[in-house]
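This report refers to the structure that appears directly beneath it.
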Amino acid sequence: MERTGPPARYSGLLAAFSAALLAAGTLVASAPAAGAADADLARNGGFEAGLDGWSCTGGSGAAVSTPARSGTSALRATPAGSDNAKCSQTVTVRPDSTYTLSAWVQGSYVYLGAAGTGTTDVSTWTQSAGVWKQLTTTFRTGPATTSVSVYTHGWFGTPAYYADDLTLIGPGGDPVTLPSVPAGLRAGEPTSSSVPLSWTAATGATGYHVYRGGTKVDSVTGTSTTVTGLTASTAYSFQVAATSAAGESAKSAAVTATTTAGGGGGDAGLPAHALVGYLHSSFANGSGYTRMADVPASWDVINLAFGEPTSVTSGDIRFSLCPVAECPNVESEAEFKAAIKAKQAAGKKVLISIGGQNGQVQLSTTAARDAFVSSVSKIIDTYGLDGLDIDFEGHSLSLNTGDTDFRSPTSPVIVNLISAVKSLKAKYGSDFVLTMAPETFFVQLGYQYYGSGPWGGQDPRAGAYLPVIHALRDDLTLLHVQDYNSGSIMGLDNQYHSMGGADFHVAMTDMLLTGFPVVGDRTKVFPALRPEQVAFGLPASTQAGNGHTSPAEVTKALNCLTKKTDCGSYQTHGTWPGLRGLMTWSINWDRFNNWEFSKNFDAYFGG
């Protein structure tokens, strides 16, 4: 069923019914006069203080200066997809009392109502109001009702609506007490892009608002959070205020923190927008073999697929070119090395990719860790490569029972991988290129599930890349999650998104650039990555993998993420013109598909 507005037959019936009531004198068009003891109980009903006191679903609301019916501000709320842009506040009232709710609205379908009355909840609406129009309704509270929720909302899929001068007239409830001011605000150890904060619980608080430089940046229910999306080597000031149904306390004393300079996870010589592709160098499949010298200049990072272990737990990684019997047109070792040098001379990066679908790698012992470092170093040195791509799939990474905090992992396969990569980074220095290509199951699924869970029983691989990414974030050049071969994944809008269209890539990438609470725990927030550290991965053709996305949809996704245009139902939490680019499986499949993927990338970024 398409949700675009009340059915036309209902609209006509409602209009006729309202006209009949007006003619009979049963329905009064104007608001009843307030009694002598009555007061306006709505907080910030004119939106002169922004959205203070109001909560809007899905970040749909904003205070705007135009149009404003009176004063300098009004509410603008924009429905999107399954969100009707409901903005509400809780008001303290008296039991067994009558109240009149009124607001001036403008928009296609705009609703005004009250819920939790203890009697009959009420709402009223108007259709296609091109100018300011007043909506009014009345209700009586139940014998035990001490608070109600008053709200406005639009209709699914319609344009933004506006509301101003909302009032709730009636007898005030018992005097309310604001929560106390939080004390003991302190900053933990910053990273280059995040600062962890904690404070002492405030009396009477049900939640907290976190402010950075006077601007609210987070709302939490616990007494800690991590503020993400920050700039390296920058000083920030933070405050926190306690909240409850009664309102918000004064802000705490400020604490300052300076983000770190970051490590070698910079651009490593990459262009501002880079195209990353995997080259089937050690095997053939239906796409055919592509020689290194034949890779077009469009590709900025070429990942050699794949280095694989001698056994799952050995850590001993080997790489060799595809056998002649399997790939008749394979070049010689000397030709391959010369082609790599030519690519590097043209500013391209060539990496060894470890793992893949068939290359399970479990560094469960320190011996395996050390063998990994030694064998990967040998491959890098033999072919003169620029760095390493970690493409651990299947059962390579998992979390042991009880390993529940991505910030301090204890599972050996995780700890040893982090240690091994840090050793490689230390050996090759700041020019070492480090990329990762996890599946969504190992990253974004962590918003809902992490490891086997607090009581066991879940898939222990869920979110298992998060501790690796987090520990290496200051060394990480580029993360390109595989937005393909994926099930539906919940985004930060708490809606499930499925692969194949722009919204999936927007939602998955927004999670990386915004950060997210792991398993919804606001005390364990995976901090945002920098835009230049993020690309998203797609199949180059329908034959390359499930979740192929048409060039038109790829362009929509890039527009939404980098320009905030062409966005669909998912609303991003920012705009990132510095998004690094795209990854694809694979260069070979793109050649098979007449270079459609790389041509679209070049056309978009002017390559």
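Please note that chains go A, B, ... in the order of the structure tokens, that every chain numbers its residues from 1, and that ligands are numbered from 1 in the order shown.
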| task | Check the DSSP output for the backbone and give back, as a PyMOL selection string, the residues of segment 78-120 of chain A in strand (DSSP E). | result | chain A and resi 87-92+98-115
Just-selected residues, C-alpha atoms written as a PDB file, in the first residue's frame:
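So the final result, stored in result-v5.pdb, reads:
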```pdb
ATOM      1  CA  CYS A  87       7.798  16.338  16.659  1.00  0.00           C
ATOM      2  CA  SER A  88       6.623  16.032  20.248  1.00  0.00           C
ATOM      3  CA  GLN A  89       7.123  17.124  23.836  1.00  0.00           C
ATOM      4  CA  THR A  90       5.900  15.861  27.195  1.00  0.00           C
ATOM      5  CA  VAL A  91       3.919  18.332  29.296  1.00  0.00           C
ATOM      6  CA  THR A  92       3.001  18.069  32.980  1.00  0.00           C
ATOM      7  CA  THR A  98      -9.685  20.016  30.440  1.00  0.00           C
ATOM      8  CA  TYR A  99      -7.060  21.330  28.027  1.00  0.00           C
ATOM      9  CA  THR A 100      -7.093  23.098  24.688  1.00  0.00           C
ATOM     10  CA  LEU A 101      -4.274  22.337  22.252  1.00  0.00           C
ATOM     11  CA  SER A 102      -3.737  24.756  19.386  1.00  0.00           C
ATOM     12  CA  ALA A 103      -1.089  25.436  16.719  1.00  0.00           C
ATOM     13  CA  TRP A 104      -0.704  27.346  13.472  1.00  0.00           C
ATOM     14  CA  VAL A 105       0.422  25.101  10.627  1.00  0.00           C
ATOM     15  CA  GLN A 106       1.258  25.188   6.949  1.00  0.00           C
ATOM     16  CA  GLY A 107       1.729  22.244   4.580  1.00  0.00           C
ATOM     17  CA  SER A 108       0.054  19.436   2.655  1.00  0.00           C
ATOM     18  CA  TYR A 109      -1.090  17.124   5.451  1.00  0.00           C
ATOM     19  CA  VAL A 110      -0.358  18.451   8.931  1.00  0.00           C
ATOM     20  CA  TYR A 111      -1.563  16.821  12.135  1.00  0.00           C
ATOM     21  CA  LEU A 112      -1.850  18.141  15.702  1.00  0.00           C
ATOM     22  CA  GLY A 113      -2.615  15.845  18.598  1.00  0.00           C
ATOM     23  CA  ALA A 114      -2.189  14.707  22.178  1.00  0.00           C
ATOM     24  CA  ALA A 115      -1.409  11.199  23.438  1.00  0.00           C
TER      25      ALA A 115
END
```
| Do you know which residues are at most 8 Å from Gly387 of chain A counting only C-alpha atoms, after dropping those on the same chain fewer than 5 positions away, and could you put them as a PyMOL selection string? | chain A and resi 350-352+380+432-434
Those selected residues, please, written with N, CA and C atoms and delivered as a compact mmCIF listing (two decimals), in the first residue's frame.
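Result went into result-v3.txt, see below:
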```txt
# COMPACT_ATOMS: atom_id res chain seq x y z
N VAL A 350 50.14 -0.43 -5.72
CA VAL A 350 49.88 -1.85 -5.92
C VAL A 350 50.09 -2.56 -4.59
N LEU A 351 49.06 -3.27 -4.14
CA LEU A 351 49.08 -3.92 -2.82
C LEU A 351 48.87 -5.42 -2.97
N ILE A 352 49.31 -6.16 -1.98
CA ILE A 352 48.96 -7.57 -1.89
C ILE A 352 47.71 -7.69 -1.02
N ILE A 380 55.85 -8.54 -0.23
CA ILE A 380 55.98 -7.10 -0.51
C ILE A 380 57.35 -6.79 -1.09
N PHE A 432 53.58 3.30 3.93
CA PHE A 432 52.93 2.00 3.83
C PHE A 432 51.43 2.19 3.69
N VAL A 433 50.84 1.62 2.63
CA VAL A 433 49.41 1.74 2.37
C VAL A 433 48.69 0.56 3.01
N LEU A 434 47.71 0.87 3.86
CA LEU A 434 46.93 -0.16 4.54
C LEU A 434 45.46 0.02 4.19
```
| field | Closest of A:Pro577, A:Gly515, A:Asp403, A:Trp595 to Lys564 of chain A - atom-to-atom distances counting only C-alpha atoms | value |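 Residue with the minimum atom-to-atom distance to Lys564 of chain A: A:Pro577.
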| request: Would you list the contacts of segment 160-174 of chain A as a count of residues only, taking every protein, DNA or RNA residue within 9 Å and counting only C-alpha atoms, but skipping same-chain residues closer than 3 positions in sequence? | output: 52
| message | Need to verify the contact set: segment 187-195 of chain A, 8 Å, only C-alpha atoms, exclusion of same-chain residues closer than 5 positions in sequence. Can you return it as a list in words? | response |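 Surrounding residues, per the criterion: Thr226, Val227, Thr228, Gly229, Leu230, Thr231, Ala232, Ser233, Val255, Thr256, Ala257, Thr258, Thr259, Thr260, Ala261, Gly262, Asp474, Pro527, Ala528, Leu529 and Arg530 of chain A.
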Selection above as a file: C-alpha atoms, as a PDB file, in the first residue's frame:
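out_6.pdb, written as the output of this step:
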```
ATOM      1  CA  THR A 226      32.339   9.280  22.620  1.00  0.00           C
ATOM      2  CA  VAL A 227      32.118  12.394  20.463  1.00  0.00           C
ATOM      3  CA  THR A 228      33.237  11.510  16.940  1.00  0.00           C
ATOM      4  CA  GLY A 229      33.871  13.170  13.611  1.00  0.00           C
ATOM      5  CA  LEU A 230      36.496  15.542  14.991  1.00  0.00           C
ATOM      6  CA  THR A 231      39.518  17.066  13.261  1.00  0.00           C
ATOM      7  CA  ALA A 232      43.036  15.956  14.134  1.00  0.00           C
ATOM      8  CA  SER A 233      45.252  18.241  16.268  1.00  0.00           C
ATOM      9  CA  VAL A 255      36.209  20.367  29.895  1.00  0.00           C
ATOM     10  CA  THR A 256      38.667  20.714  27.027  1.00  0.00           C
ATOM     11  CA  ALA A 257      40.499  18.058  25.036  1.00  0.00           C
ATOM     12  CA  THR A 258      42.791  18.095  22.017  1.00  0.00           C
ATOM     13  CA  THR A 259      42.661  15.404  19.369  1.00  0.00           C
ATOM     14  CA  THR A 260      45.859  13.662  18.395  1.00  0.00           C
ATOM     15  CA  ALA A 261      47.784  14.319  15.196  1.00  0.00           C
ATOM     16  CA  GLY A 262      47.027  10.830  13.909  1.00  0.00           C
ATOM     17  CA  ASP A 474      45.407   5.954  12.800  1.00  0.00           C
ATOM     18  CA  PRO A 527      34.017   6.491  16.342  1.00  0.00           C
ATOM     19  CA  ALA A 528      33.607   7.924  12.877  1.00  0.00           C
ATOM     20  CA  LEU A 529      36.363   7.494  10.341  1.00  0.00           C
ATOM     21  CA  ARG A 530      37.662  10.440   8.360  1.00  0.00           C
TER      22      ARG A 530
END
```
Each segment 473-587 of chain A residue no farther than 12 Å from segment 447-458 of chain A, nearest pair in Å, only C-alpha atoms, as JSON lines:
```
{"residue": "A:Ile489", "atom": "CA", "partner": "A:Gln448", "partner_atom": "CA", "distance": 9.1}
{"residue": "A:Met490", "atom": "CA", "partner": "A:Tyr447", "partner_atom": "CA", "distance": 7.6}
{"residue": "A:Gly491", "atom": "CA", "partner": "A:Tyr447", "partner_atom": "CA", "distance": 8.0}
{"residue": "A:Leu492", "atom": "CA", "partner": "A:Tyr447", "partner_atom": "CA", "distance": 8.2}
{"residue": "A:Asp493", "atom": "CA", "partner": "A:Tyr447", "partner_atom": "CA", "distance": 11.2}
{"residue": "A:Asn494", "atom": "CA", "partner": "A:Tyr447", "partner_atom": "CA", "distance": 9.5}
{"residue": "A:Gln495", "atom": "CA", "partner": "A:Gln448", "partner_atom": "CA", "distance": 11.5}
{"residue": "A:Tyr496", "atom": "CA", "partner": "A:Gln448", "partner_atom": "CA", "distance": 11.2}
{"residue": "A:Met508", "atom": "CA", "partner": "A:Tyr447", "partner_atom": "CA", "distance": 10.9}
{"residue": "A:Met511", "atom": "CA", "partner": "A:Tyr447", "partner_atom": "CA", "distance": 9.0}
{"residue": "A:Leu512", "atom": "CA", "partner": "A:Tyr447", "partner_atom": "CA", "distance": 10.9}
{"residue": "A:Gly515", "atom": "CA", "partner": "A:Tyr447", "partner_atom": "CA", "distance": 9.7}
{"residue": "A:Phe516", "atom": "CA", "partner": "A:Tyr447", "partner_atom": "CA", "distance": 6.5}
{"residue": "A:Pro517", "atom": "CA", "partner": "A:Tyr447", "partner_atom": "CA", "distance": 6.2}
{"residue": "A:Val518", "atom": "CA", "partner": "A:Tyr447", "partner_atom": "CA", "distance": 4.7}
{"residue": "A:Val519", "atom": "CA", "partner": "A:Gln448", "partner_atom": "CA", "distance": 4.4}
{"residue": "A:Gly520", "atom": "CA", "partner": "A:Tyr447", "partner_atom": "CA", "distance": 6.0}
{"residue": "A:Asp521", "atom": "CA", "partner": "A:Tyr447", "partner_atom": "CA", "distance": 8.8}
{"residue": "A:Arg522", "atom": "CA", "partner": "A:Tyr447", "partner_atom": "CA", "distance": 10.7}
{"residue": "A:Lys524", "atom": "CA", "partner": "A:Tyr447", "partner_atom": "CA", "distance": 10.4}
{"residue": "A:Val525", "atom": "CA", "partner": "A:Tyr447", "partner_atom": "CA", "distance": 9.4}
{"residue": "A:Phe526", "atom": "CA", "partner": "A:Tyr447", "partner_atom": "CA", "distance": 9.1}
```
Could the residues in this selection be written to a file with N, CA, C and O atoms, as a PDB file, in the first residue's frame?
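Output saved as result01.pdb:
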```pdb
ATOM      1  N   ILE A 489      20.733  -4.928   6.262  1.00  0.00           N
ATOM      2  CA  ILE A 489      21.447  -4.413   7.426  1.00  0.00           C
ATOM      3  C   ILE A 489      20.704  -3.185   7.948  1.00  0.00           C
ATOM      4  O   ILE A 489      20.267  -2.328   7.174  1.00  0.00           O
ATOM      5  N   MET A 490      20.584  -3.088   9.272  1.00  0.00           N
ATOM      6  CA  MET A 490      19.928  -1.933   9.871  1.00  0.00           C
ATOM      7  C   MET A 490      20.860  -0.727   9.863  1.00  0.00           C
ATOM      8  O   MET A 490      22.024  -0.817  10.248  1.00  0.00           O
ATOM      9  N   GLY A 491      20.344   0.419   9.402  1.00  0.00           N
ATOM     10  CA  GLY A 491      21.099   1.652   9.408  1.00  0.00           C
ATOM     11  C   GLY A 491      20.835   2.456  10.666  1.00  0.00           C
ATOM     12  O   GLY A 491      20.096   2.023  11.569  1.00  0.00           O
ATOM     13  N   LEU A 492      21.405   3.651  10.728  1.00  0.00           N
ATOM     14  CA  LEU A 492      21.233   4.500  11.904  1.00  0.00           C
ATOM     15  C   LEU A 492      19.824   5.056  12.014  1.00  0.00           C
ATOM     16  O   LEU A 492      19.478   5.654  13.038  1.00  0.00           O
ATOM     17  N   ASP A 493      18.994   4.864  10.974  1.00  0.00           N
ATOM     18  CA  ASP A 493      17.582   5.239  11.067  1.00  0.00           C
ATOM     19  C   ASP A 493      16.744   4.119  11.647  1.00  0.00           C
ATOM     20  O   ASP A 493      15.515   4.213  11.703  1.00  0.00           O
ATOM     21  N   ASN A 494      17.432   3.032  12.078  1.00  0.00           N
ATOM     22  CA  ASN A 494      16.763   1.853  12.649  1.00  0.00           C
ATOM     23  C   ASN A 494      15.811   1.186  11.665  1.00  0.00           C
ATOM     24  O   ASN A 494      14.849   0.522  12.065  1.00  0.00           O
ATOM     25  N   GLN A 495      16.096   1.344  10.388  1.00  0.00           N
ATOM     26  CA  GLN A 495      15.373   0.655   9.330  1.00  0.00           C
ATOM     27  C   GLN A 495      16.352  -0.268   8.600  1.00  0.00           C
ATOM     28  O   GLN A 495      17.540   0.020   8.493  1.00  0.00           O
ATOM     29  N   TYR A 496      15.819  -1.389   8.091  1.00  0.00           N
ATOM     30  CA  TYR A 496      16.673  -2.311   7.348  1.00  0.00           C
ATOM     31  C   TYR A 496      16.835  -1.828   5.904  1.00  0.00           C
ATOM     32  O   TYR A 496      15.887  -1.344   5.293  1.00  0.00           O
ATOM     33  N   MET A 508      25.007   2.489   4.644  1.00  0.00           N
ATOM     34  CA  MET A 508      26.184   1.789   5.150  1.00  0.00           C
ATOM     35  C   MET A 508      27.371   2.744   5.307  1.00  0.00           C
ATOM     36  O   MET A 508      28.129   2.674   6.286  1.00  0.00           O
ATOM     37  N   MET A 511      27.096   5.222   8.287  1.00  0.00           N
ATOM     38  CA  MET A 511      27.443   4.626   9.584  1.00  0.00           C
ATOM     39  C   MET A 511      28.933   4.770   9.868  1.00  0.00           C
ATOM     40  O   MET A 511      29.342   5.039  11.000  1.00  0.00           O
ATOM     41  N   LEU A 512      29.755   4.619   8.835  1.00  0.00           N
ATOM     42  CA  LEU A 512      31.208   4.717   9.024  1.00  0.00           C
ATOM     43  C   LEU A 512      31.650   6.158   9.240  1.00  0.00           C
ATOM     44  O   LEU A 512      32.602   6.418   9.982  1.00  0.00           O
ATOM     45  N   GLY A 515      29.813   7.251  12.834  1.00  0.00           N
ATOM     46  CA  GLY A 515      30.049   6.469  14.042  1.00  0.00           C
ATOM     47  C   GLY A 515      28.732   5.906  14.543  1.00  0.00           C
ATOM     48  O   GLY A 515      27.656   6.394  14.196  1.00  0.00           O
ATOM     49  N   PHE A 516      28.812   4.857  15.359  1.00  0.00           N
ATOM     50  CA  PHE A 516      27.578   4.259  15.858  1.00  0.00           C
ATOM     51  C   PHE A 516      27.832   3.504  17.159  1.00  0.00           C
ATOM     52  O   PHE A 516      28.929   2.992  17.400  1.00  0.00           O
ATOM     53  N   PRO A 517      26.797   3.458  18.022  1.00  0.00           N
ATOM     54  CA  PRO A 517      26.931   2.693  19.260  1.00  0.00           C
ATOM     55  C   PRO A 517      26.874   1.199  18.966  1.00  0.00           C
ATOM     56  O   PRO A 517      25.929   0.722  18.339  1.00  0.00           O
ATOM     57  N   VAL A 518      27.862   0.477  19.383  1.00  0.00           N
ATOM     58  CA  VAL A 518      27.911  -0.960  19.138  1.00  0.00           C
ATOM     59  C   VAL A 518      26.834  -1.639  19.989  1.00  0.00           C
ATOM     60  O   VAL A 518      26.745  -1.407  21.199  1.00  0.00           O
ATOM     61  N   VAL A 519      26.009  -2.425  19.344  1.00  0.00           N
ATOM     62  CA  VAL A 519      24.838  -3.060  19.965  1.00  0.00           C
ATOM     63  C   VAL A 519      23.948  -2.006  20.630  1.00  0.00           C
ATOM     64  O   VAL A 519      23.311  -2.272  21.650  1.00  0.00           O
ATOM     65  N   GLY A 520      23.959  -0.788  20.087  1.00  0.00           N
ATOM     66  CA  GLY A 520      23.124   0.277  20.632  1.00  0.00           C
ATOM     67  C   GLY A 520      23.588   0.825  21.962  1.00  0.00           C
ATOM     68  O   GLY A 520      22.893   1.648  22.563  1.00  0.00           O
ATOM     69  N   ASP A 521      24.758   0.427  22.433  1.00  0.00           N
ATOM     70  CA  ASP A 521      25.268   0.855  23.735  1.00  0.00           C
ATOM     71  C   ASP A 521      26.001   2.182  23.578  1.00  0.00           C
ATOM     72  O   ASP A 521      27.093   2.240  22.997  1.00  0.00           O
ATOM     73  N   ARG A 522      25.416   3.269  24.104  1.00  0.00           N
ATOM     74  CA  ARG A 522      26.006   4.590  23.933  1.00  0.00           C
ATOM     75  C   ARG A 522      27.321   4.753  24.691  1.00  0.00           C
ATOM     76  O   ARG A 522      28.040   5.726  24.491  1.00  0.00           O
ATOM     77  N   LYS A 524      29.648   2.563  24.286  1.00  0.00           N
ATOM     78  CA  LYS A 524      30.607   1.883  23.414  1.00  0.00           C
ATOM     79  C   LYS A 524      30.369   2.319  21.971  1.00  0.00           C
ATOM     80  O   LYS A 524      29.861   1.555  21.145  1.00  0.00           O
ATOM     81  N   VAL A 525      30.721   3.558  21.682  1.00  0.00           N
ATOM     82  CA  VAL A 525      30.487   4.114  20.355  1.00  0.00           C
ATOM     83  C   VAL A 525      31.708   3.889  19.472  1.00  0.00           C
ATOM     84  O   VAL A 525      32.825   4.268  19.833  1.00  0.00           O
ATOM     85  N   PHE A 526      31.479   3.241  18.325  1.00  0.00           N
ATOM     86  CA  PHE A 526      32.546   3.106  17.337  1.00  0.00           C
ATOM     87  C   PHE A 526      32.721   4.464  16.668  1.00  0.00           C
ATOM     88  O   PHE A 526      31.814   4.960  16.002  1.00  0.00           O
TER      89      PHE A 526
END
```
| Which one of A:Thr136, A:Thr562, A:Gln357, A:Ser396 sits closest to Trp585 of chain A if you count only C-alpha atoms? |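 Smallest separation from Trp585 of chain A among the options: A:Gln357.
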| message | Neighbouring residues of Leu363 of chain A were defined as those with any atom within 7 Å, considering only C-alpha atoms; residues of the same chain fewer than 4 positions away were excluded. Please report them as a PyMOL selection string. | response | chain A and resi 313+315+368-369+413+416-417
| Per-residue DSSP, segment 181-364 of chain A, filtered to helix (DSSP H, G or I), as a ChimeraX atom specification | /A:292-294,333-345
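Interatomic distance, atom CA of Ser65 of chain A to atom CA of Gly247 of chain A: 24.1 Å.
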| said: Please list as a VMD selection string every residue within 8 Å of Leu472 of chain A, counting only C-alpha atoms and excluding residues in the same chain fewer than 4 positions away. | reply: chain A and resid 418 422 468 476
Write out, as a PDB file, in the first residue's frame, the residues just selected, with all heavy atoms.
```
ATOM      1  N   ILE A 418      46.062  -7.486  14.808  1.00  0.00           N
ATOM      2  CA  ILE A 418      46.394  -6.080  15.078  1.00  0.00           C
ATOM      3  C   ILE A 418      47.896  -5.925  15.279  1.00  0.00           C
ATOM      4  O   ILE A 418      48.540  -5.031  14.701  1.00  0.00           O
ATOM      5  CB  ILE A 418      45.618  -5.576  16.310  1.00  0.00           C
ATOM      6  CG1 ILE A 418      44.113  -5.524  16.001  1.00  0.00           C
ATOM      7  CG2 ILE A 418      46.121  -4.204  16.751  1.00  0.00           C
ATOM      8  CD1 ILE A 418      43.248  -5.312  17.222  1.00  0.00           C
ATOM      9  N   LYS A 422      50.558  -3.826  12.855  1.00  0.00           N
ATOM     10  CA  LYS A 422      51.372  -2.758  13.434  1.00  0.00           C
ATOM     11  C   LYS A 422      52.857  -3.003  13.199  1.00  0.00           C
ATOM     12  O   LYS A 422      53.636  -2.057  12.963  1.00  0.00           O
ATOM     13  CB  LYS A 422      51.065  -2.610  14.931  1.00  0.00           C
ATOM     14  CG  LYS A 422      49.745  -1.900  15.214  1.00  0.00           C
ATOM     15  CD  LYS A 422      49.568  -1.637  16.689  1.00  0.00           C
ATOM     16  CE  LYS A 422      48.329  -0.801  16.959  1.00  0.00           C
ATOM     17  NZ  LYS A 422      48.455   0.586  16.431  1.00  0.00           N
ATOM     18  N   VAL A 468      39.542  -4.456  14.982  1.00  0.00           N
ATOM     19  CA  VAL A 468      40.708  -4.332  14.108  1.00  0.00           C
ATOM     20  C   VAL A 468      40.759  -2.931  13.491  1.00  0.00           C
ATOM     21  O   VAL A 468      41.796  -2.261  13.503  1.00  0.00           O
ATOM     22  CB  VAL A 468      40.670  -5.412  13.007  1.00  0.00           C
ATOM     23  CG1 VAL A 468      41.885  -5.263  12.078  1.00  0.00           C
ATOM     24  CG2 VAL A 468      40.629  -6.806  13.622  1.00  0.00           C
ATOM     25  N   LEU A 476      45.303   3.393   9.212  1.00  0.00           N
ATOM     26  CA  LEU A 476      44.465   2.952   8.102  1.00  0.00           C
ATOM     27  C   LEU A 476      44.428   3.991   6.983  1.00  0.00           C
ATOM     28  O   LEU A 476      44.079   5.151   7.210  1.00  0.00           O
ATOM     29  CB  LEU A 476      43.049   2.685   8.610  1.00  0.00           C
ATOM     30  CG  LEU A 476      42.015   2.214   7.591  1.00  0.00           C
ATOM     31  CD1 LEU A 476      42.388   0.833   7.045  1.00  0.00           C
ATOM     32  CD2 LEU A 476      40.635   2.188   8.235  1.00  0.00           C
TER      33      LEU A 476
END
```
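Distances from A:Ser281, A:Thr572, A:Thr290, A:Thr523 to Thr225 of chain A were compared using only C-alpha atoms, and the smallest one belongs to A:Thr523.
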| If we count only C-alpha atoms, what is near Gly359 of chain A at a cut-off of 12 Å, once residues fewer than 6 positions away on the same chain are taken out, given as a ChimeraX atom specification? | /A:305-319,353,390-396
